[in-house]
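The structure appears below as structure tokens.
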There are 2 protein chains.
Amino acid sequence: MPDMIDFQTDPSRYLHWRVDYDGPIANLYMDVNEEGGLFDGYQLKLNSYDLGVDIELADVVQRMRFEHPQVKVVVMQSGKPGVFCAGANIRMLSGAAHNHKVNFCKFTNETRNAFEAAEQDSGQKYLAAVKGTCAGGGYELALACNHIMLTNDSSSSVSLPEVPLLAVLPGTGGLTRLTDKRKVRRDRADIFSSAEEGVRGQRAVDWRLVDEIVQNSKFDQVVRDRAEQFAAAWDGPDDPVEGIALGPLDRKFAEDGSVSYSLVDVRVDRGGRKATITLRGPDTGPATDMAGFAGQGDQAPMLRLARELDDAILHLRFNETELGLVVIRCQGDPEKLLAHEALLLDTRDHWLANEVLQYWKRVLKRIDVTSRSLVCLVEHGSCFAGVLAELLFAADRSYMMEGEFEGDNRPIASITLSASNFGLFPMGNNLTRLQTRFLGEPGSVDAAKAQIGEAQEAGEAEEFGLVTMILDDIDWDDEIRIFMEERASFSPDAMTGMEANLRFAGPETMETRIFGRLTAWQNWIFTRPNAVGKIGALQCYGTGVRGEFDQERV
Amino acid sequence: MPDMIDFQTDPSRYLHWRVDYDGPIANLYMDVNEEGGLFDGYQLKLNSYDLGVDIELADVVQRMRFEHPQVKVVVMQSGKPGVFCAGANIRMLSGAAHNHKVNFCKFTNETRNAFEAAEQDSGQKYLAAVKGTCAGGGYELALACNHIMLTNDSSSSVSLPEVPLLAVLPGTGGLTRLTDKRKVRRDRADIFSSAEEGVRGQRAVDWRLVDEIVQNSKFDQVVRDRAEQFAAAWDGPDDPVEGIALGPLDRKFAEDGSVSYSLVDVRVDRGGRKATITLRGPDTGPATDMAGFAGQGDQAPMLRLARELDDAILHLRFNETELGLVVIRCQGDPEKLLAHEALLLDTRDHWLANEVLQYWKRVLKRIDVTSRSLVCLVEHGSCFAGVLAELLFAADRSYMMEGEFEGDNRPIASITLSASNFGLFPMGNNLTRLQTRFLGEPGSVDAAKAQIGEAQEAGEAEEFGLVTMILDDIDWDDEIRIFMEERASFSPDAMTGMEANLRFAGPETMETRIFGRLTAWQNWIFTRPNAVGKIGALQCYGTGVRGEFDQERV
């Protein structure tokens, strides 16, 4: 077992995936290395996966958008005969701690959401070409693609056997995508989700489980044809010619677990059960145009900041599970930050500007579903402006410095909204964070919008409802300390449940249903003896012994 | 502890509530008898409640609509000085089994939904007049009212102290109503839900936690004024003069746990882990008009059937927790049943017709959220027509007899839809069950609608997608047996999670969010040592010892 789970990788290090690029079409092969598990104690047979496999997939999906923007169709297929993908590895799951199981499912969900949205966000359509067994998490992989093709032979089928075999739910959005995306009739979904053997052939089409079945002998050709057809149907701008390379992050770990990136710093306080993330705004002005931005490659500050923050959040989620509070600070010149953002906003039709903004959208959504108490401190010298102001509305609370602080000569704390706060970064519920915040007073969204570009000091920020509380020099230290101590004293489980409910007011979408309803039920099942007990189904799987169940219904 | 929990009661037996009727205004007093707990081992101090208190409240709410239709405003208030309601009793909760906790919360949620919807459904508005402590489930009681008034003194406040005090969530919709009904800003909701002491005075209004605060000395008068004002504002038909009395159910329990009502029969099969509910359609024709219907009082078959089915479902939920499968059958003349329904549909503007139909809506919703596998058997001689056809679409699966069965001379099985299947009985997601069923093919709803009044035998029923499967004489017994055995072999927890996800495709509402997202998280927290372990917060409450928490975040 590794000391630390690292979310950084690159194609030269892949164990489980390979990609062949062919103009607008990318052929993505899943070919899992049995011996390449992230932890000891299991073999990744039959293209089953663990977190390590998914970290590579997330990397593929990310690079597809930045490094290979010419790709319009990604054909997801197996590199192994007779099996598409057998889903999450059972022995890995049965050996994993509860919080790893839950975090694993959350990350795999985020990756699936990312490639599912790639068609709409970036014009990259994912096509699942399914030959052989496609079970559980394997079918969920296909479900998150935009089109599913199934070969019509006697052995290829799609299935969700988790319930009958393992007494858990399909953990990566399967049930929700069945009913809400594929719109499978619920009694058929019931049969399908309780049958080990799955469904194949015409019934798979009739039941809306796949989009088409294709005679086996013609399968590869029809898949190629379909990919070309989809690629030809692309009607967006054709500008991307060359991508930009995503190099390794500039990142250092300290002895105490703190991490320093080029623009992001993560400080760990184990006694206080918290981590403090400090973001640094850009020191210099932006490139004059997107050609200049592209010339900076992965060093453009807006991209660097997103990558580093994304990595920091994942690191805390998986490697620092006892730090229940994440404090978010920033320091820098708001004007400079807004100038960098303005270049992207003004040239949103440039593919790279679009990709950087879409990436911020994903990073912010990752923060929304991060199961830690989040607080923003708006200190003097900070740059909560534009995209960074979104952090204030993603956090559970925010505190802002009011007036002069003795001995502090940094510029007075202010918040500046930009156009990006009003539509560019929707939450999973499809509202902006400000719309969600002001669900009860929609007029406040308009009032805030009228302040675009105006730096709001504490009094105004409070008046416009942008922060939870403003505090002067006399109260700041004590109030913040009391809040942090109080938060550290609460049950982490109650915080998880409370935050998961309070953060997502208003409408639900397939995405919020996956992280809300589905995940919450799975979370519960993952604690139940019927699934994880000594004679529960997960432990008994493959032993020939059948799990014994407590028959009580709750 | 009672051998059996009985959901039937009447005002002569109330221990905890009393109602003063005053024309269009009803004053409802919560005055919980400390010694009147449903189980041993706790006292119901400070107007705290257990299931027994809530069974009485549900009875009040139900009788308000049938027996007192002239009431336009219900003023919910405390009969005790200094306390409105302290919420669910903690000792009761800490002593209760997991499945009782969950079922208790579900039932209290259903009761709150019922009085919250009474304004829209029946023109009965609930007003919470809060004096004194209004904490946890007490504030959730107020939250479910249509208007909240809080007295402005130094001690009266509203609070949700569950998270800080007990490490569980407010269990009766509190968090969801905060964000979705009251639309409290999420950071304020976060502060409010993590503060033991609650909020009072002007802040309670500013934060949208209550609708108005009133000076203590004027409180009673202003409450009276407000109630009269609301009653005067009623602009619906003024027809109700006299209600109908709801007498005791005709109900017998057998030794083996089976129950017989006048039109409903519940047969228990412990070995097979199932209960079979058989509904009997009316033998004779309906009254000629609603005056005649009212003359039948609680003996009108459509009302009797709803009351008996409702009671049977609650009985199974609480008293037969190991029966994981509920089989629903019916026998009777579909034409007669439809004639009874037609009287209600044709005179929906009559208050009693409306109440009976609204009651069916609630019973069907109760079935939707019942955590048991539900299957309908459409046998020869059955009457799945109109409102009873809704059961087919509420069930997880339905099987229908096709063609003649040897030695069976009952009328060939058929299904007849009526206008009631297309809007009168929405699910919690605000779609009809047929709309939810055909989310992927809305045309099928129209196709089904064109068949209103036509009896569909098996072939057509399958073609129109009304049943899961049709089976002939050769296959019927085996297929049904295999299904039932299979269902009994699955983990009950996995069934609960699977069904909770598959049943509610499409949009979410505050109601489905309460039963989905909120309940699922609470379910999980109720299994966690931080809440229910030996040194968890629920067990330690009141002992002076502080719970020790596992700090791992999941």
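Every chain in the structure tokens has a letter given in the order shown (A, B, ...), and although residue numbers restart at 1 in each chain, ligands are simply numbered from 1 in the order shown.
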
Write out as a VMD selection string the set of residues from stretch 50-82 of chain A that DSSP, computed on the backbone, places in strand (DSSP E or B). chain A and resid 73 to 78

Near-stretch 392-402 of chain A list (7 Å; only C-alpha atoms; drop same-chain fewer than 2 positions) as a ChimeraX atom specification: /A:368,373-380,389-390,404,413,433-434,458,467-472 /B:187,190

Please report as a tab-separated table every residue of chain B lying within 7 Å of chain A, along with the nearest atom pair and their distance in Å (one decimal), using only C-alpha atoms.
residue	atom	partner	partner_atom	distance
B:Asn99	CA	A:Val554	CA	4.4
B:Val102	CA	A:Val554	CA	6.3
B:Asn103	CA	A:Val554	CA	6.7
B:Val163	CA	A:Ala494	CA	6.0
B:Pro164	CA	A:Phe490	CA	6.1
B:Ala167	CA	A:Ala494	CA	5.3
B:Val168	CA	A:Ala494	CA	5.5
B:Leu169	CA	A:Ala494	CA	6.4
B:Leu175	CA	A:Asn501	CA	6.6
B:Thr176	CA	A:Asn501	CA	6.8
B:Thr179	CA	A:Ala505	CA	5.4
B:Asp180	CA	A:Ala505	CA	5.7
B:Lys183	CA	A:Gly440	CA	4.6
B:Val184	CA	A:Gly440	CA	6.7
B:Arg185	CA	A:Arg437	CA	5.5
B:Arg186	CA	A:Leu502	CA	6.0
B:Asp187	CA	A:Arg397	CA	5.1
B:Asp190	CA	A:Asp396	CA	6.7
B:Thr321	CA	A:Arg553	CA	5.4
B:Glu322	CA	A:Glu552	CA	4.7
B:Gly324	CA	A:Arg553	CA	6.4
B:Ser371	CA	A:Val554	CA	6.8
B:Asp396	CA	A:Asp187	CA	5.5
B:Arg397	CA	A:Asp187	CA	5.1
B:Arg437	CA	A:Arg185	CA	5.5
B:Phe438	CA	A:Arg185	CA	6.3
B:Leu439	CA	A:Lys183	CA	5.8
B:Gly440	CA	A:Lys183	CA	4.6
B:Thr468	CA	A:Asp187	CA	6.1
B:Phe490	CA	A:Pro164	CA	6.1
B:Ser491	CA	A:Ala167	CA	5.5
B:Pro492	CA	A:Arg553	CA	5.7
B:Asp493	CA	A:Ile525	CA	6.3
B:Ala494	CA	A:Ala167	CA	5.3
B:Gly497	CA	A:Trp521	CA	5.5
B:Met498	CA	A:Leu169	CA	6.6
B:Asn501	CA	A:Leu518	CA	6.5
B:Leu502	CA	A:Arg186	CA	6.0
B:Arg503	CA	A:Arg186	CA	6.6
B:Ala505	CA	A:Thr179	CA	5.4
B:Gly506	CA	A:Asp180	CA	5.8
B:Pro507	CA	A:Glu508	CA	6.8
B:Glu508	CA	A:Glu508	CA	5.8
B:Gly516	CA	A:Arg517	CA	5.3
B:Arg517	CA	A:Arg517	CA	4.4
B:Leu518	CA	A:Asn501	CA	6.5
B:Ala520	CA	A:Trp521	CA	5.2
B:Trp521	CA	A:Ala520	CA	5.2
B:Asn523	CA	A:Trp524	CA	6.5
B:Trp524	CA	A:Trp524	CA	4.3
B:Ile525	CA	A:Asp493	CA	6.3
B:Asn530	CA	A:Ser491	CA	6.3
B:Phe549	CA	A:Ser491	CA	5.9
B:Gln551	CA	A:Glu322	CA	5.3
B:Glu552	CA	A:Glu322	CA	4.7
B:Arg553	CA	A:Thr321	CA	5.4
B:Val554	CA	A:Asn99	CA	4.4

From the options B:Ala275, B:Lys125, B:Val268, B:Met64, which residue's atoms come nearest to B:Glu255, counting only C-alpha atoms?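 Among the listed residues, the smallest separation from B:Glu255 belongs to B:Val268.
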
Write out as a count of residues only all residues of stretch 189-413 of chain B that DSSP puts in alpha helix (DSSP H) for this structure's backbone. 88

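A straight line drawn from atom CA of B:Leu364 to atom CA of B:Leu466 is 17.2 Å long.
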
Could you work out how far atom CA of B:Asp256 lies from atom CA of B:Gly271, giving the answer in Å with one decimal?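 One can read the atom CA of B:Gly271 to atom CA of B:Asp256 distance as 11.9 Å.
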
Compile the contact shell of stretch 442-456 of chain B as a PyMOL selection string: residues with an atom at most 6 Å away, counting only C-alpha atoms, same-chain residues fewer than 4 positions apart removed. chain B and resi 414-418+438+460-461

Written file, previous selection with all heavy atoms, as a PDB file, in the first residue's frame:
ATOM      1  N   SER B 414     -58.006  -8.142 -16.434  1.00  0.00           N
ATOM      2  CA  SER B 414     -57.907  -6.950 -17.267  1.00  0.00           C
ATOM      3  C   SER B 414     -57.545  -5.748 -16.393  1.00  0.00           C
ATOM      4  O   SER B 414     -57.646  -5.805 -15.168  1.00  0.00           O
ATOM      5  CB  SER B 414     -59.233  -6.682 -17.988  1.00  0.00           C
ATOM      6  OG  SER B 414     -60.217  -6.298 -17.049  1.00  0.00           O
ATOM      7  N   ILE B 415     -57.097  -4.710 -17.051  1.00  0.00           N
ATOM      8  CA  ILE B 415     -56.737  -3.454 -16.378  1.00  0.00           C
ATOM      9  C   ILE B 415     -57.506  -2.347 -17.080  1.00  0.00           C
ATOM     10  O   ILE B 415     -57.518  -2.291 -18.311  1.00  0.00           O
ATOM     11  CB  ILE B 415     -55.221  -3.177 -16.504  1.00  0.00           C
ATOM     12  CG1 ILE B 415     -54.432  -4.250 -15.760  1.00  0.00           C
ATOM     13  CG2 ILE B 415     -54.868  -1.784 -15.992  1.00  0.00           C
ATOM     14  CD1 ILE B 415     -52.944  -4.236 -16.080  1.00  0.00           C
ATOM     15  N   THR B 416     -58.141  -1.476 -16.319  1.00  0.00           N
ATOM     16  CA  THR B 416     -58.856  -0.362 -16.939  1.00  0.00           C
ATOM     17  C   THR B 416     -58.380   0.952 -16.337  1.00  0.00           C
ATOM     18  O   THR B 416     -58.432   1.134 -15.112  1.00  0.00           O
ATOM     19  CB  THR B 416     -60.380  -0.484 -16.719  1.00  0.00           C
ATOM     20  OG1 THR B 416     -60.793  -1.825 -17.022  1.00  0.00           O
ATOM     21  CG2 THR B 416     -61.133   0.493 -17.616  1.00  0.00           C
ATOM     22  N   LEU B 417     -57.885   1.822 -17.181  1.00  0.00           N
ATOM     23  CA  LEU B 417     -57.467   3.138 -16.705  1.00  0.00           C
ATOM     24  C   LEU B 417     -58.665   4.076 -16.670  1.00  0.00           C
ATOM     25  O   LEU B 417     -59.639   3.884 -17.404  1.00  0.00           O
ATOM     26  CB  LEU B 417     -56.381   3.709 -17.626  1.00  0.00           C
ATOM     27  CG  LEU B 417     -55.117   2.857 -17.721  1.00  0.00           C
ATOM     28  CD1 LEU B 417     -54.127   3.491 -18.686  1.00  0.00           C
ATOM     29  CD2 LEU B 417     -54.472   2.658 -16.356  1.00  0.00           C
ATOM     30  N   SER B 418     -58.583   5.066 -15.796  1.00  0.00           N
ATOM     31  CA  SER B 418     -59.621   6.097 -15.767  1.00  0.00           C
ATOM     32  C   SER B 418     -58.919   7.452 -15.758  1.00  0.00           C
ATOM     33  O   SER B 418     -57.678   7.530 -15.691  1.00  0.00           O
ATOM     34  CB  SER B 418     -60.489   5.951 -14.519  1.00  0.00           C
ATOM     35  OG  SER B 418     -59.808   6.479 -13.388  1.00  0.00           O
ATOM     36  N   PHE B 438     -43.083   6.347 -17.734  1.00  0.00           N
ATOM     37  CA  PHE B 438     -42.766   6.530 -19.155  1.00  0.00           C
ATOM     38  C   PHE B 438     -41.903   7.766 -19.385  1.00  0.00           C
ATOM     39  O   PHE B 438     -42.049   8.446 -20.392  1.00  0.00           O
ATOM     40  CB  PHE B 438     -44.064   6.640 -19.958  1.00  0.00           C
ATOM     41  CG  PHE B 438     -44.894   5.381 -19.962  1.00  0.00           C
ATOM     42  CD1 PHE B 438     -46.244   5.409 -19.660  1.00  0.00           C
ATOM     43  CD2 PHE B 438     -44.307   4.156 -20.286  1.00  0.00           C
ATOM     44  CE1 PHE B 438     -47.011   4.241 -19.669  1.00  0.00           C
ATOM     45  CE2 PHE B 438     -45.068   2.982 -20.298  1.00  0.00           C
ATOM     46  CZ  PHE B 438     -46.421   3.026 -19.989  1.00  0.00           C
ATOM     47  N   GLU B 460     -52.783  -6.509 -24.567  1.00  0.00           N
ATOM     48  CA  GLU B 460     -52.800  -5.053 -24.710  1.00  0.00           C
ATOM     49  C   GLU B 460     -52.081  -4.366 -23.553  1.00  0.00           C
ATOM     50  O   GLU B 460     -51.367  -3.384 -23.733  1.00  0.00           O
ATOM     51  CB  GLU B 460     -54.243  -4.553 -24.745  1.00  0.00           C
ATOM     52  CG  GLU B 460     -55.012  -4.975 -25.978  1.00  0.00           C
ATOM     53  CD  GLU B 460     -56.509  -5.076 -25.689  1.00  0.00           C
ATOM     54  OE1 GLU B 460     -56.883  -5.799 -24.727  1.00  0.00           O
ATOM     55  OE2 GLU B 460     -57.270  -4.415 -26.397  1.00  0.00           O
ATOM     56  N   ALA B 461     -52.308  -4.881 -22.352  1.00  0.00           N
ATOM     57  CA  ALA B 461     -51.673  -4.270 -21.179  1.00  0.00           C
ATOM     58  C   ALA B 461     -50.161  -4.285 -21.345  1.00  0.00           C
ATOM     59  O   ALA B 461     -49.465  -3.321 -20.995  1.00  0.00           O
ATOM     60  CB  ALA B 461     -52.081  -5.009 -19.909  1.00  0.00           C
TER      61      ALA B 461
END

Which polymer residues have any atom within 9 Å of an atom of A:Glu197, counting only C-alpha atoms, with same-chain residues fewer than 3 positions away left out, as a count of residues only? 7
